[in-house]
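Enquirer: Take this structure first; my questions come after.
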Amino acid sequence: MAATDAETDYVDHPLLSPEFIERRLYQIQLAGTARNHHTLVCLPTGLGKTTVSLLVTAERLNEVGGKSLLLAPTKPLVNQHAEFYREALAIPEDDVVVFTGEVRPEERTELWEDAQVVIATPQVVENDLVGGRIDLGPVTHVTFDECHRATGDYAYNYIAERYHADARSPLVTGMSASPGGDEETILEVCENLGIREVEVMTEEDSDVSEFTHDTDVEWVRVELPDDILEIRDALNEVISDRLERLKELGVVNTTRPDVSQKDLNKVRGELQKLIDNDQSEGYKGMSAHAEVMKLRRAVELVETQSVESLRRYFERQRNAARSSGASKASQRFVSEPKVQEAMRKAEAYDERHPKFRKAHANVAQALVDGGERIIVFTESRDTAETLTEFFGEHFDTRRFVGQGDKDGSDGMTQNEQQEALDEFRAGEFEVLVSTSVAEEGLDVPEVDLVLFYEPVPTAVRSIQRKGRTGRQAQGRVVVLLAEDTRDEAYFWISKRREDEMEEELRALKGVADDVEEQLDDSQQTLGDFEDGPSSDPGGATDSGTSAAADGDATGTSEVAHGLEEFAEETGGRSADELDGAVATARGEENTEIVADQRELDANVARDLSARDDVDVRLETLAVGDYILSDRVAVERKTVGDFLDSLVGGDRSVFEQVGDMTRHYSRPVLVLEGEGLYEQRNVHPNAIRGALSSLAVDFGVSVLQTDGEDDTADLLEVVATREQESADREVSVHGEKQAKTLDEQQEYVVAAIADIGPVTARSLLSTFGSVEAVMTAEKESLLDAEGVGEVTADRIREVVASEYEG
């Protein structure tokens, strides 16, 4: 251990830059456990979770060798981590490489071979694993940053499963300031990542409290003036009227304008049932429902954001109503007398929303008290724009928003975001007005005040925001709350969930043995890594255990000896020495399957790529979804998609099959799922007629599978039979038949979110062009028949999200 002065000690390690990492005992404790076990590290924002992972990485590279992989959910986070690792590790800078969608796949394959540390977005690594471009065998440490995302189908889950199955000496570290709102969620994250130890430190722990300061949270209630209430009441009258229409259809039992979003989602489901039964009332109800959603958004803006935001929203609605192919819901919205009255009142209102005055007073007070940096968070980009202008009249202010063009304002590129953060860190301006983009993980400088323009309804986001203050000096958090509005509901929801999360974390600290017992059972699904040479991340022999496993891995003895003495022995085996003993050869005998890139939305290609005897190659296929030989191409359809094509009179399935028959002598259509004759209101004879046409007219083999697992098994069997028994090679050829302009437009829209041709035609009929569909806001998308919340959200996500490669 080295010391450079009387006050600061630094960690001394062969692979760490001298006098760079400050020695903090709580970080050494956490790293002590994480070095010996698959560990979830929970530590408040700003207290060095990344440093804990770095310490473990340095120890693993030094003692075991191999590679280290750090995964982070966004490009800015990846670049931020890469900069830190290059400074902190005593290895050549070129040995720390970045994998994002900006790096070509071929280049990533080359970089992977020689790199010691790879820092990447999970989507890129997932694609490279499925495509067989990288091998996790030599990776001796994987870090999942912001690991609370490891739920559902997020890429972290697939990568973790492959890592535990493929790595010769695996070790996982998950990092999060807020892993979940309840024990079930936290356990789900641990199970998905193959974690069996949970290490939680809060600001109440003595070793941590030395590096934190009190953060006061002040809830400031704001009373709305009569003028704003009149605008709100006019809009609420229209909401009640539209709900009355829906009540007459029997899909809702209230006309109260404060009906919950959950209930409105149920209403949409009931309306869809009417549409499925060919009842025209369903379409009228959908239009009324779309109006209700638009009106509720307007009410939310005037109550909790600003009248300026409401005016911008009204203007966008006017433009939408005037556009080619405008929906009836949009036209009725802007022509409704009560809405026009609200518009006039909003245009005439020349005062600021009372939240502005409260925000200004708190920011001014913080600066007067000696504050240097302040962050103001808001949910709305419109409000961010308005607040930036407002604060800019009195303080040196910059905005910080995402890259899309959401809510009608320009976004910021990554370079602009980084420049703003650098200037903020350097003290070149005082106030940063940010949307949610600055909440998670980004290296935002320590601030003196965090001001929530409105409460947020999730504990994770609330904790992330609050973590931006109170690191180096006493911090303060102010939350503005408009009385008797949605703010009140969000306040109580967030408070309850945050309290539950803190209680769960404390409980997890107190019942570590119980949690470990639950996690041990779940690990068997991740390669049974309790057994064999890879079961001990520390490298202990099969007959023994690591030092940390025998005793208290987080005890003071571990801390006192420092990072360089995390464990007495690692078993003496390097990653290179384990290569031949554990790795499964993936040689020329393997079955090869070519999968279309777009099939990654399903789990079939992922499943196949994880099999030892299958090599998957990803390409953008012009014909088919899977190529199994020079004569077998496979088009995969779920039963639901197949039936949708019949209901809508769509011919795309026949076009796709026709393309296959022109280029492959043995085309196959796989129908995946159950309920072929029950899922839709389609006469069985219509289904039989379609299947007969495919088999007789097109000469296509139609094979049915139970689900994705069954489909993967079938593809492997057919491919193996073709390549081994028939001695045929895989050959990709063919191109699709030229489409008419209408067909091409339908194809482009249908591909946005895998929404299908029927909905694509509905969208094009509603908006008039592909461009209009692409630029439509969520509220406008909901006006199109057959478009629900999930589809609208998915379209906006696909169109506006950053490409990750």
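All residue names refer to the structure tokens as shown: chains lettered A, B, ... in order, residues numbered from 1 in each chain, ligands numbered from 1 in order.
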Can you pull out the residues contacting Leu600 of chain A? Cut-off 10 Å, using only C-alpha atoms, and skip same-chain residues under 4 positions away; I want them as a list in words.
Expert: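 Returned residues: Glu126, Asn127, Val130, Ala595, Asp596, Val604, Ala605, Arg606 and Leu618 of chain A.
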Enquirer: Give me, as number ranges by chain, all polymer residues having an atom no more than 12 Å from Ile752 of chain A, counting only C-alpha atoms and skipping those fewer than 6 positions away in the same chain.
Expert: A: 598, 745-746, 759-760, 763, 770, 773-774, 791-801
Enquirer: In Å, with one decimal, what is the gap from atom CA of Asn603 of chain A to atom CA of Asp713 of chain A?
Expert: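 Going from atom CA of Asn603 of chain A over to atom CA of Asp713 of chain A, I get 12.2 Å.
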Enquirer: Could you please write out, as number ranges by chain, every residue of segment 13-197 of chain A that DSSP assigns to strand (DSSP E or B)?
Expert: A: 16, 22, 39-42, 67-71, 89, 96-99, 117-120, 139-145, 172-176, 197
Enquirer: Could those residues be written to a file, using C-alpha atoms, as a tab-separated table (two decimals), in the first residue's frame?
Expert:
```tsv
chain	number	residue	atom	x	y	z
A	16	LEU	CA	-3.50	-0.24	-11.56
A	22	GLU	CA	-8.19	6.33	-3.82
A	39	THR	CA	-22.01	-10.76	-6.93
A	40	LEU	CA	-24.60	-8.03	-7.15
A	41	VAL	CA	-23.05	-4.80	-5.85
A	42	CYS	CA	-25.60	-2.28	-4.61
A	67	LYS	CA	-10.22	-10.96	-20.94
A	68	SER	CA	-12.62	-8.66	-19.10
A	69	LEU	CA	-15.96	-7.53	-20.52
A	70	LEU	CA	-17.91	-4.55	-19.19
A	71	LEU	CA	-21.44	-4.01	-20.51
A	89	LEU	CA	-5.40	0.35	-15.66
A	96	VAL	CA	-9.06	-1.38	-23.82
A	97	VAL	CA	-11.46	-1.41	-26.77
A	98	VAL	CA	-14.99	-0.13	-27.30
A	99	PHE	CA	-17.73	-2.13	-29.02
A	117	VAL	CA	-10.71	-5.26	-21.76
A	118	VAL	CA	-13.79	-4.86	-23.94
A	119	ILE	CA	-16.41	-2.25	-23.02
A	120	ALA	CA	-19.60	-2.60	-25.02
A	139	VAL	CA	-13.50	-13.98	-20.55
A	140	THR	CA	-12.69	-14.20	-16.84
A	141	HIS	CA	-14.81	-11.26	-15.63
A	142	VAL	CA	-18.05	-9.75	-16.90
A	143	THR	CA	-19.57	-6.62	-15.40
A	144	PHE	CA	-23.23	-5.75	-16.02
A	145	ASP	CA	-23.60	-2.02	-15.36
A	172	VAL	CA	-20.02	-11.99	-12.86
A	173	THR	CA	-20.38	-8.61	-11.18
A	174	GLY	CA	-23.69	-6.76	-11.39
A	175	MET	CA	-23.77	-3.08	-10.48
A	176	SER	CA	-26.73	-0.89	-9.59
A	197	GLU	CA	-24.21	-13.08	-3.60
```
Enquirer: Which residues come within 8 Å of segment 50-54 of chain A, counting only C-alpha atoms, excluding same-chain residues fewer than 4 positions away, as a PyMOL selection string?
Expert: chain A and resi 21+27-28+30-31+58+81+85+143+173+175
Enquirer: As a ChimeraX atom specification, please: the residues near Tyr349 of chain A (cut-off 12 Å, only C-alpha atoms, same-chain neighbours under 4 positions excluded).
Expert: /A:225-231,302,306-308,310-311,342-345,353
Enquirer: Name the closest residue to Ala776 of chain A among the candidates A:Arg373, A:Arg399, A:Arg316, A:Arg721; distances are taken between atoms, counting only C-alpha atoms.
Expert: A:Arg316
Enquirer: Wanna dump the segment 219-330 of chain A-segment 675-687 of chain A contacts at 12 Å for me, each residue with its shortest atom pair and the distance in Å to one decimal, counting only C-alpha atoms, ordered by chain and number, as JSON lines?
Expert:
```
{"residue": "A:Lys273", "atom": "CA", "partner": "A:Asn681", "partner_atom": "CA", "distance": 10.8}
{"residue": "A:Leu274", "atom": "CA", "partner": "A:Asn681", "partner_atom": "CA", "distance": 11.8}
{"residue": "A:Ile275", "atom": "CA", "partner": "A:Asn681", "partner_atom": "CA", "distance": 10.9}
{"residue": "A:Asp276", "atom": "CA", "partner": "A:Asn681", "partner_atom": "CA", "distance": 7.3}
{"residue": "A:Asn277", "atom": "CA", "partner": "A:Asn681", "partner_atom": "CA", "distance": 7.4}
{"residue": "A:Asp278", "atom": "CA", "partner": "A:Asn681", "partner_atom": "CA", "distance": 9.4}
```
Enquirer: Under the rule that only C-alpha atoms are counted, which of A:Val653, A:Leu703, A:Val292, A:Leu235 is the nearest residue to Val670 of chain A?
Expert: A:Leu703
Enquirer: Among segment 348-400 of chain A, which residues does DSSP mark as helix (DSSP H, G or I) when it is run on the backbone? Keep the chain and numbering as in the structure and answer as a PyMOL selection string.
Expert: chain A and resi 348+354-368+381-392
Enquirer: Find the residues around Arg636 of chain A up to 9 Å (only C-alpha atoms counted), leave out those fewer than 4 positions away in its own chain, and share them as a list in words.
Expert: Gly624, Asp625, Tyr626, Val668, Leu669, Val670, Leu671, Glu672 and Thr711 of chain A
Enquirer: For a quick check of understanding, using only C-alpha atoms, which of A:Glu19, A:Glu110, A:Asp612, A:Glu488 has the smallest distance to Asp166 of chain A?
Expert: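 Looking at the shortest contact to Asp166 of chain A, the residue is A:Asp612.
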Enquirer: Nearest to Gln80 of chain A among A:Gln414, A:Thr397, A:Gln744, A:Thr383, with distances taken over only C-alpha atoms: which residue is it?
Expert: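 Nearest to Gln80 of chain A: A:Gln414.
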Enquirer: Which of these, A:Glu430, A:Asp783, A:Asp233, A:Glu372, has the shortest distance to Gly392 of chain A once you count only C-alpha atoms?
Expert: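 Between A:Glu430, A:Asp783, A:Asp233, A:Glu372, the residue approaching Gly392 of chain A most closely is A:Glu430.
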Enquirer: Can you tell me, as a ChimeraX atom specification, what residues are no more than 6 Å from Ala72 of chain A when counting only C-alpha atoms, ignoring any on the same chain fewer than 2 positions away?
Expert: /A:74,78,121,145
Enquirer: Please dump the current selection as a CSV table (one decimal), in the first residue's frame; keep N, CA, C and O atoms.
Expert:
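Final file, selection24.csv:
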```
chain,number,residue,atom,x,y,z
A,74,THR,N,-25.8,2.2,-22.7
A,74,THR,CA,-25.8,3.3,-23.7
A,74,THR,C,-24.4,3.6,-24.2
A,74,THR,O,-23.4,3.3,-23.5
A,78,VAL,N,-20.7,3.7,-22.2
A,78,VAL,CA,-19.6,2.9,-22.7
A,78,VAL,C,-18.4,3.7,-22.9
A,78,VAL,O,-17.3,3.4,-22.4
A,121,THR,N,-21.9,-2.1,-25.6
A,121,THR,CA,-23.3,-2.1,-25.4
A,121,THR,C,-23.8,-3.5,-25.5
A,121,THR,O,-23.2,-4.3,-26.3
A,145,ASP,N,-23.3,-3.3,-16.0
A,145,ASP,CA,-23.6,-2.0,-15.4
A,145,ASP,C,-25.1,-1.7,-15.5
A,145,ASP,O,-25.7,-2.1,-16.4
```
